[in-house]
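One file, target-v7.cif, is given below (mmCIF, C-alpha atoms).
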data_data
loop_
_atom_site.label_atom_id
_atom_site.label_comp_id
_atom_site.auth_asym_id
_atom_site.auth_seq_id
_atom_site.Cartn_x
_atom_site.Cartn_y
_atom_site.Cartn_z
CA MET A 203 16.00 -16.48 -3.23
CA ALA A 204 12.54 -18.04 -3.68
CA ARG A 205 11.10 -20.59 -1.30
CA ALA A 206 7.82 -22.48 -1.34
CA THR A 207 6.03 -23.18 1.93
CA GLN A 208 2.69 -24.60 2.95
CA SER A 209 1.43 -21.04 3.25
CA GLY A 210 2.53 -20.10 -0.27
CA TYR A 211 5.44 -18.78 -2.29
CA THR A 212 7.92 -16.26 -0.88
CA THR A 213 10.74 -14.64 -2.81
CA ARG A 214 13.09 -11.73 -2.49
CA VAL A 215 12.80 -9.41 -5.49
CA ARG A 216 14.77 -6.54 -7.00
CA VAL A 217 12.68 -4.16 -9.08
CA PRO A 218 14.73 -2.22 -11.64
CA ILE A 219 14.42 1.57 -11.51
CA GLY A 220 16.62 3.00 -14.24
CA ASN A 221 20.14 1.77 -13.51
CA GLN A 222 19.22 1.04 -9.87
CA ALA A 223 16.94 -1.46 -8.11
CA LEU A 224 14.51 -1.55 -5.20
CA ASP A 225 14.57 -4.46 -2.75
CA GLY A 226 11.41 -6.22 -1.68
CA GLU A 227 9.78 -9.42 -0.52
CA LEU A 228 6.91 -10.94 -2.49
CA VAL A 229 4.57 -13.46 -0.86
CA ILE A 230 1.98 -15.28 -2.97
CA PRO A 231 -0.36 -17.52 -0.95
CA PRO A 232 -2.15 -20.48 -2.56
CA ARG A 233 -4.98 -19.41 -4.87
CA ALA A 234 -4.17 -15.72 -4.42
CA GLN A 235 -7.13 -13.48 -5.23
CA GLY A 236 -5.30 -10.15 -5.48
CA LEU A 237 -1.98 -8.47 -4.69
CA VAL A 238 -1.26 -5.57 -2.31
CA VAL A 239 1.84 -3.38 -2.62
CA PHE A 240 2.92 -1.59 0.57
CA ALA A 241 4.08 2.03 0.44
CA HIS A 242 5.79 2.76 3.75
CA GLY A 243 5.90 6.12 5.46
CA SER A 244 8.68 8.60 5.99
CA GLY A 245 11.82 7.14 7.52
CA SER A 246 10.48 3.58 7.36
CA SER A 247 11.19 0.55 5.15
CA ARG A 248 9.90 -2.84 4.09
CA HIS A 249 10.92 -4.06 7.54
CA SER A 250 8.27 -1.92 9.27
CA PRO A 251 6.75 -4.21 11.96
CA ARG A 252 3.33 -2.62 11.47
CA ASN A 253 3.27 -3.21 7.72
CA GLN A 254 4.68 -6.71 8.26
CA TYR A 255 1.81 -7.44 10.65
CA VAL A 256 -0.82 -6.22 8.19
CA ALA A 257 0.80 -8.13 5.32
CA ARG A 258 0.65 -11.42 7.21
CA ALA A 259 -3.05 -10.81 7.91
CA LEU A 260 -3.79 -10.12 4.24
CA GLU A 261 -2.00 -13.32 3.22
CA GLN A 262 -4.32 -15.28 5.52
CA ASP A 263 -7.18 -13.95 3.38
CA SER A 264 -5.57 -15.15 0.12
CA LEU A 265 -4.06 -11.81 -0.87
CA ALA A 266 -0.50 -11.71 -2.17
CA THR A 267 1.73 -8.98 -0.73
CA LEU A 268 4.79 -7.04 -1.81
CA LEU A 269 6.72 -5.24 0.92
CA ILE A 270 9.29 -3.10 -0.87
CA ASP A 271 11.63 -0.21 -0.18
CA LEU A 272 10.83 2.87 -2.25
CA LEU A 273 14.38 4.16 -1.88
CA THR A 274 17.64 2.47 -2.86
CA SER A 275 20.17 1.75 -0.12
CA ALA A 276 22.25 4.75 -1.23
CA GLU A 277 19.20 7.03 -1.16
CA GLU A 278 18.24 5.74 2.27
CA ALA A 279 21.70 6.63 3.59
CA VAL A 280 21.30 10.18 2.32
CA ASP A 281 17.71 10.41 3.54
CA ASP A 282 18.72 9.34 7.04
CA ARG A 283 20.92 12.44 7.21
CA THR A 284 18.88 14.98 5.25
CA ALA A 285 15.27 13.65 4.96
CA GLU A 286 15.32 14.96 1.39
CA TYR A 287 13.66 11.97 -0.27
CA ARG A 288 10.96 10.91 2.18
CA PHE A 289 8.77 13.90 1.37
CA ASP A 290 9.32 13.78 -2.38
CA ILE A 291 5.83 12.40 -2.88
CA PRO A 292 5.75 12.62 -6.72
CA MET A 293 9.01 10.65 -6.92
CA LEU A 294 7.72 7.99 -4.53
CA ALA A 295 4.48 7.76 -6.53
CA GLY A 296 6.51 7.28 -9.70
CA ARG A 297 8.38 4.44 -8.02
CA LEU A 298 5.09 2.79 -7.09
CA ALA A 299 3.85 3.09 -10.68
CA ALA A 300 7.08 1.46 -11.91
CA ILE A 301 6.62 -1.36 -9.40
CA VAL A 302 3.09 -1.93 -10.71
CA ASP A 303 4.43 -2.12 -14.27
CA TRP A 304 7.05 -4.65 -13.15
CA LEU A 305 4.40 -6.80 -11.46
CA ARG A 306 2.35 -6.79 -14.65
CA SER A 307 5.31 -8.29 -16.51
CA GLY A 308 5.79 -11.22 -14.11
CA PRO A 309 4.12 -14.57 -14.85
CA GLU A 310 3.17 -15.13 -11.17
CA THR A 311 1.61 -11.69 -10.74
CA ALA A 312 0.41 -10.54 -14.17
CA SER A 313 -3.17 -11.72 -13.67
CA LEU A 314 -3.65 -10.47 -10.11
CA ARG A 315 -5.54 -7.25 -9.47
CA ILE A 316 -3.37 -4.79 -7.57
CA GLY A 317 -4.09 -2.70 -4.49
CA LEU A 318 -1.91 -0.19 -2.66
CA PHE A 319 -1.53 0.08 1.12
CA GLY A 320 0.04 3.40 2.10
CA ALA A 321 1.19 4.41 5.57
CA SER A 322 1.86 8.00 6.67
CA THR A 323 3.42 9.85 3.71
CA GLY A 324 3.05 6.63 1.70
CA GLY A 325 -0.68 7.29 1.69
CA GLY A 326 -0.21 10.39 -0.45
CA ALA A 327 2.18 8.58 -2.77
CA ALA A 328 -0.27 5.69 -3.18
CA LEU A 329 -3.08 8.02 -4.22
CA ILE A 330 -0.94 9.77 -6.83
CA ALA A 331 0.21 6.40 -8.17
CA ALA A 332 -3.44 5.33 -8.44
CA THR A 333 -4.04 8.25 -10.82
CA GLU A 334 -0.98 7.30 -12.87
CA ARG A 335 -2.11 3.67 -13.29
CA PRO A 336 -5.92 3.88 -13.02
CA ARG A 337 -6.53 0.66 -14.97
CA GLU A 338 -4.07 -1.35 -12.94
CA ILE A 339 -4.79 -0.24 -9.36
CA GLY A 340 -8.10 -1.57 -8.09
CA ALA A 341 -8.11 -0.24 -4.51
CA VAL A 342 -6.18 1.91 -2.05
CA VAL A 343 -5.98 1.75 1.75
CA SER A 344 -4.25 4.45 3.79
CA ARG A 345 -3.19 3.83 7.42
CA GLY A 346 -2.57 7.00 9.41
CA GLY A 347 -1.90 8.48 6.01
CA ARG A 348 -1.35 11.93 4.59
CA PRO A 349 -3.74 11.96 1.61
CA ASP A 350 -3.43 15.75 1.61
CA LEU A 351 0.07 15.28 0.16
CA ALA A 352 -1.56 13.99 -3.05
CA GLY A 353 -2.71 17.57 -3.65
CA ALA A 354 -4.26 18.18 -7.05
CA ALA A 355 -4.37 14.42 -7.77
CA LEU A 356 -7.14 13.83 -5.21
CA PRO A 357 -10.12 14.57 -7.52
CA LYS A 358 -8.54 12.33 -10.19
CA VAL A 359 -8.41 9.17 -8.05
CA THR A 360 -10.80 6.51 -9.35
CA ALA A 361 -9.71 3.54 -7.20
CA PRO A 362 -11.99 2.85 -4.21
CA THR A 363 -10.15 4.28 -1.22
CA LEU A 364 -10.31 3.47 2.49
CA LEU A 365 -8.76 5.95 4.93
CA ILE A 366 -7.96 4.53 8.38
CA VAL A 367 -7.01 6.95 11.14
CA GLY A 368 -6.47 6.61 14.88
CA GLY A 369 -9.16 8.18 17.03
CA LEU A 370 -6.54 10.10 19.03
CA ASP A 371 -4.70 11.37 15.95
CA ASP A 372 -6.67 14.61 15.75
CA ALA A 373 -4.57 16.52 13.21
CA VAL A 374 -4.46 13.60 10.79
CA ILE A 375 -8.20 13.02 11.14
CA GLU A 376 -8.81 16.56 9.90
CA MET A 377 -6.33 16.12 7.03
CA ASN A 378 -8.16 12.98 5.93
CA ARG A 379 -11.58 14.61 6.17
CA ASP A 380 -10.38 17.54 4.09
CA ALA A 381 -8.96 15.15 1.49
CA MET A 382 -12.24 13.22 1.33
CA GLU A 383 -14.08 16.38 0.36
CA GLN A 384 -11.88 16.69 -2.72
CA MET A 385 -12.21 13.06 -3.84
CA ARG A 386 -14.82 11.88 -6.37
CA CYS A 387 -14.29 8.11 -6.13
CA GLU A 388 -15.76 5.68 -3.62
CA VAL A 389 -14.06 6.73 -0.39
CA SER A 390 -14.62 5.80 3.25
CA LEU A 391 -13.07 7.00 6.51
CA GLU A 392 -12.68 4.58 9.42
CA ILE A 393 -11.58 5.99 12.78
CA VAL A 394 -10.11 3.42 15.18
CA PRO A 395 -11.07 4.37 18.76
CA GLY A 396 -8.23 4.78 21.23
CA ALA A 397 -5.48 4.64 18.60
CA THR A 398 -2.67 7.13 18.15
CA HIS A 399 -0.76 7.75 14.92
CA LEU A 400 1.27 4.51 14.94
CA PHE A 401 -1.55 2.25 16.21
CA GLU A 402 0.62 0.96 19.05
CA GLU A 403 -2.26 0.49 21.48
CA PRO A 404 -3.45 -3.10 22.12
CA GLY A 405 -5.84 -4.36 19.46
CA THR A 406 -5.70 -1.27 17.27
CA LEU A 407 -3.37 -2.64 14.58
CA GLU A 408 -5.45 -5.81 14.48
CA LYS A 409 -8.45 -3.59 13.70
CA VAL A 410 -6.48 -1.92 10.90
CA ALA A 411 -5.63 -5.32 9.42
CA ARG A 412 -9.29 -6.43 9.49
CA LEU A 413 -10.49 -3.23 7.84
CA ALA A 414 -7.78 -3.32 5.17
CA SER A 415 -8.33 -6.98 4.37
CA GLY A 416 -12.07 -6.51 4.04
CA TRP A 417 -11.58 -3.59 1.66
CA PHE A 418 -9.05 -5.35 -0.54
CA VAL A 419 -11.01 -8.61 -0.63
CA ARG A 420 -14.10 -6.69 -1.70
CA HIS A 421 -12.41 -4.72 -4.48
CA LEU A 422 -9.59 -6.96 -5.73
CA ARG A 423 -11.06 -10.44 -5.92
CA PRO A 424 -12.28 -11.30 -9.42
CA ALA A 425 -15.99 -11.52 -10.09
CA PRO A 426 -17.51 -15.03 -9.77
CA SER A 427 -17.86 -15.30 -13.55
CA ALA A 428 -14.15 -14.50 -13.99
CA ARG A 429 -13.13 -17.16 -11.47
CA GLN A 430 -15.15 -19.79 -13.32
CA GLU A 431 -13.44 -19.15 -16.67
#
Whole structure given in structure tokens:
Amino acid sequence: MARATQSGYTTRVRVPIGNQALDGELVIPPRAQGLVVFAHGSGSSRHSPRNQYVARALEQDSLATLLIDLLTSAEEAVDDRTAEYRFDIPMLAGRLAAIVDWLRSGPETASLRIGLFGASTGGGAALIAATERPREIGAVVSRGGRPDLAGAALPKVTAPTLLIVGGLDDAVIEMNRDAMEQMRCEVSLEIVPGATHLFEEPGTLEKVARLASGWFVRHLRPAPSARQE
């Protein structure tokens, strides 16, 4: 059900995937200047409080957001028992690409440049999806992500990419540095001091939101000449 508020337009969506559908929530603030799709990490969902927090911050900076489950409810039930889907990175990337195609067909979202925000394993899926839709995806941000899971796709990424890692998340820092060495696009690594993998320490998630918003605003907003047309 859609609802309009002073802060914009919010609607629940169902994105068709074959004969199934993925559930999500789309928020379009007034005069939106871009749209960010969230790819959650293993065992998480669109209800992730961390992704919800970042999404609300992006909306304050005139960026539309789509928080969406990458698994159907039936798949989630199986995954809760077996964990067989959460690490199927190519499948998750394919779902993200299909979501991008769906957004391009919608009148409210067709003209908005799209970015991907990936968390944990969602970071790897976002990078693969960026290679599958290079003309559509204008930027990628990874929070505590596993870009190494993108494997052979890393050198093919063309979207400007920001990797955000907690300063106390030593293993993931090294994974991100190794991934950077394989990438050929504009790529930056930001290490948040005092943060562990989930950025639960005071002020650390706020820092993530500021960094992500700055990156997406820079790369997704249309050029001044385009806004004047």
Query - Best match for closeness to Ala411 of chain A among A:Ile366, A:Met293, A:Leu228, A:Leu269, counting only C-alpha atoms - result: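 So, comparing all the options, the nearest one is A:Ile366.
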Report task. Give me, please, the distance in Å between atom CA of Asp372 of chain A and atom CA of Ser322 of chain A, quoted to one decimal. Result -> 14.1 Å
Query raised in the report: How many Å separate atom CA of Arg335 of chain A from atom CA of Leu305 of chain A?
Result: 12.5 Å
I need the output of the PyMOL selection byres ((chain A and resi 410) around 12) for this file as an mmCIF file with C-alpha atoms, in the coordinates of the input; which residues are they?
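Okay, this is what ended up in out15.cif:
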data_model
loop_
_atom_site.group_PDB
_atom_site.id
_atom_site.type_symbol
_atom_site.label_atom_id
_atom_site.label_comp_id
_atom_site.auth_asym_id
_atom_site.auth_seq_id
_atom_site.Cartn_x
_atom_site.Cartn_y
_atom_site.Cartn_z
ATOM 1 C CA ARG A 252 3.330 -2.620 11.470
ATOM 2 C CA ASN A 253 3.270 -3.210 7.720
ATOM 3 C CA TYR A 255 1.810 -7.440 10.650
ATOM 4 C CA VAL A 256 -0.820 -6.220 8.190
ATOM 5 C CA ALA A 257 0.800 -8.130 5.320
ATOM 6 C CA ALA A 259 -3.050 -10.810 7.910
ATOM 7 C CA LEU A 260 -3.790 -10.120 4.240
ATOM 8 C CA PHE A 319 -1.530 0.080 1.120
ATOM 9 C CA ALA A 321 1.190 4.410 5.570
ATOM 10 C CA VAL A 343 -5.980 1.750 1.750
ATOM 11 C CA SER A 344 -4.250 4.450 3.790
ATOM 12 C CA ARG A 345 -3.190 3.830 7.420
ATOM 13 C CA GLY A 346 -2.570 7.000 9.410
ATOM 14 C CA LEU A 364 -10.310 3.470 2.490
ATOM 15 C CA LEU A 365 -8.760 5.950 4.930
ATOM 16 C CA ILE A 366 -7.960 4.530 8.380
ATOM 17 C CA VAL A 367 -7.010 6.950 11.140
ATOM 18 C CA GLY A 368 -6.470 6.610 14.880
ATOM 19 C CA LEU A 391 -13.070 7.000 6.510
ATOM 20 C CA GLU A 392 -12.680 4.580 9.420
ATOM 21 C CA ILE A 393 -11.580 5.990 12.780
ATOM 22 C CA VAL A 394 -10.110 3.420 15.180
ATOM 23 C CA PRO A 395 -11.070 4.370 18.760
ATOM 24 C CA ALA A 397 -5.480 4.640 18.600
ATOM 25 C CA HIS A 399 -0.760 7.750 14.920
ATOM 26 C CA LEU A 400 1.270 4.510 14.940
ATOM 27 C CA PHE A 401 -1.550 2.250 16.210
ATOM 28 C CA GLU A 402 0.620 0.960 19.050
ATOM 29 C CA GLU A 403 -2.260 0.490 21.480
ATOM 30 C CA PRO A 404 -3.450 -3.100 22.120
ATOM 31 C CA GLY A 405 -5.840 -4.360 19.460
ATOM 32 C CA THR A 406 -5.700 -1.270 17.270
ATOM 33 C CA LEU A 407 -3.370 -2.640 14.580
ATOM 34 C CA GLU A 408 -5.450 -5.810 14.480
ATOM 35 C CA LYS A 409 -8.450 -3.590 13.700
ATOM 36 C CA ALA A 411 -5.630 -5.320 9.420
ATOM 37 C CA ARG A 412 -9.290 -6.430 9.490
ATOM 38 C CA LEU A 413 -10.490 -3.230 7.840
ATOM 39 C CA ALA A 414 -7.780 -3.320 5.170
ATOM 40 C CA SER A 415 -8.330 -6.980 4.370
ATOM 41 C CA GLY A 416 -12.070 -6.510 4.040
ATOM 42 C CA TRP A 417 -11.580 -3.590 1.660
#
Requested in this report: Could you check which of A:Leu237, A:Val374, A:Ala332, A:Ile270 is closest to Ala312 of chain A, using all atoms listed in the file?
Outcome: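 Of all the options, A:Leu237 lies closest to Ala312 of chain A.
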**Report entry** Residues within 12 Å of (11.3, -11.8, -3.9), counting all atoms listed in the file, listed as a ChimeraX atom specification
**Finding:** /A:203-206,211-217,224-230,266-270,305,308,310-311
Query - Picked residues, the PyMOL selection byres ((chain A and resi 386) around 9), expected as a count of residues only - result: 12
Requested in this report: May I ask which of the residues A:Ala341, A:Ala373, A:Val239, A:Ile330 is the closest one to Ala354 of chain A, counting all atoms listed in the file?
Outcome: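 Ranked by minimum distance to Ala354 of chain A, first place goes to A:Ile330.
Across A:Ala285, A:Gly220, A:Val238, A:Leu370, the tightest approach to Glu338 of chain A is made by A:Val238 when counting only C-alpha atoms.
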Query raised in the report: Between atom CA of Ala327 of chain A and atom CA of Thr274 of chain A, what is the distance, to one decimal in Å?
Result: 16.6 Å
Report summary line: Among A:Pro424, A:Asn378, A:Leu294, A:Thr333, Ala234 of chain A is approached most closely, using only C-alpha atoms, by A:Pro424
Query - Protein, DNA and RNA residues within 7 Å of (-4.9, 9.3, 1.3), all atoms listed in the file, as an NGL selection string - result: :A and (325-326 or 329 or 344 or 347-350 or 365 or 378)
Query raised in the report: When distances are computed from only C-alpha atoms, which of A:Thr363, A:Ala295, A:Arg306, A:Thr323 shows the smallest separation from Arg337 of chain A?
Result: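 For Arg337 of chain A, the nearest of the given residues is A:Arg306.
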Query raised in the report: Within 10 Å of Ser275 of chain A, counting all atoms listed in the file, which residues qualify if same-chain residues fewer than 3 places away don't, as a list in words?
Result: Gln222, Ala223, Leu224, Asp225, Asp271, Leu272, Glu278, Ala279, Val280 and Asp281 of chain A
Requested in this report: Can you turn the PyMOL selection byres ((chain A and resi 241) around 6) into a concrete residue list for this file, as a list of chain:residue names?
Outcome: A:Phe240, A:His242, A:Phe319, A:Gly320, A:Gly324
Taking all atoms of segment 258-266 of chain A that the file lists, what box with edges along x, y and z, padded by 3 Å per side, do you get, with centre and edge lengths in Å to one decimal, as lines of an AutoDock Vina configuration file?
center_x = -3.3
center_y = -12.7
center_z = 2.9
size_x = 13.8
size_y = 11.2
size_z = 16.1
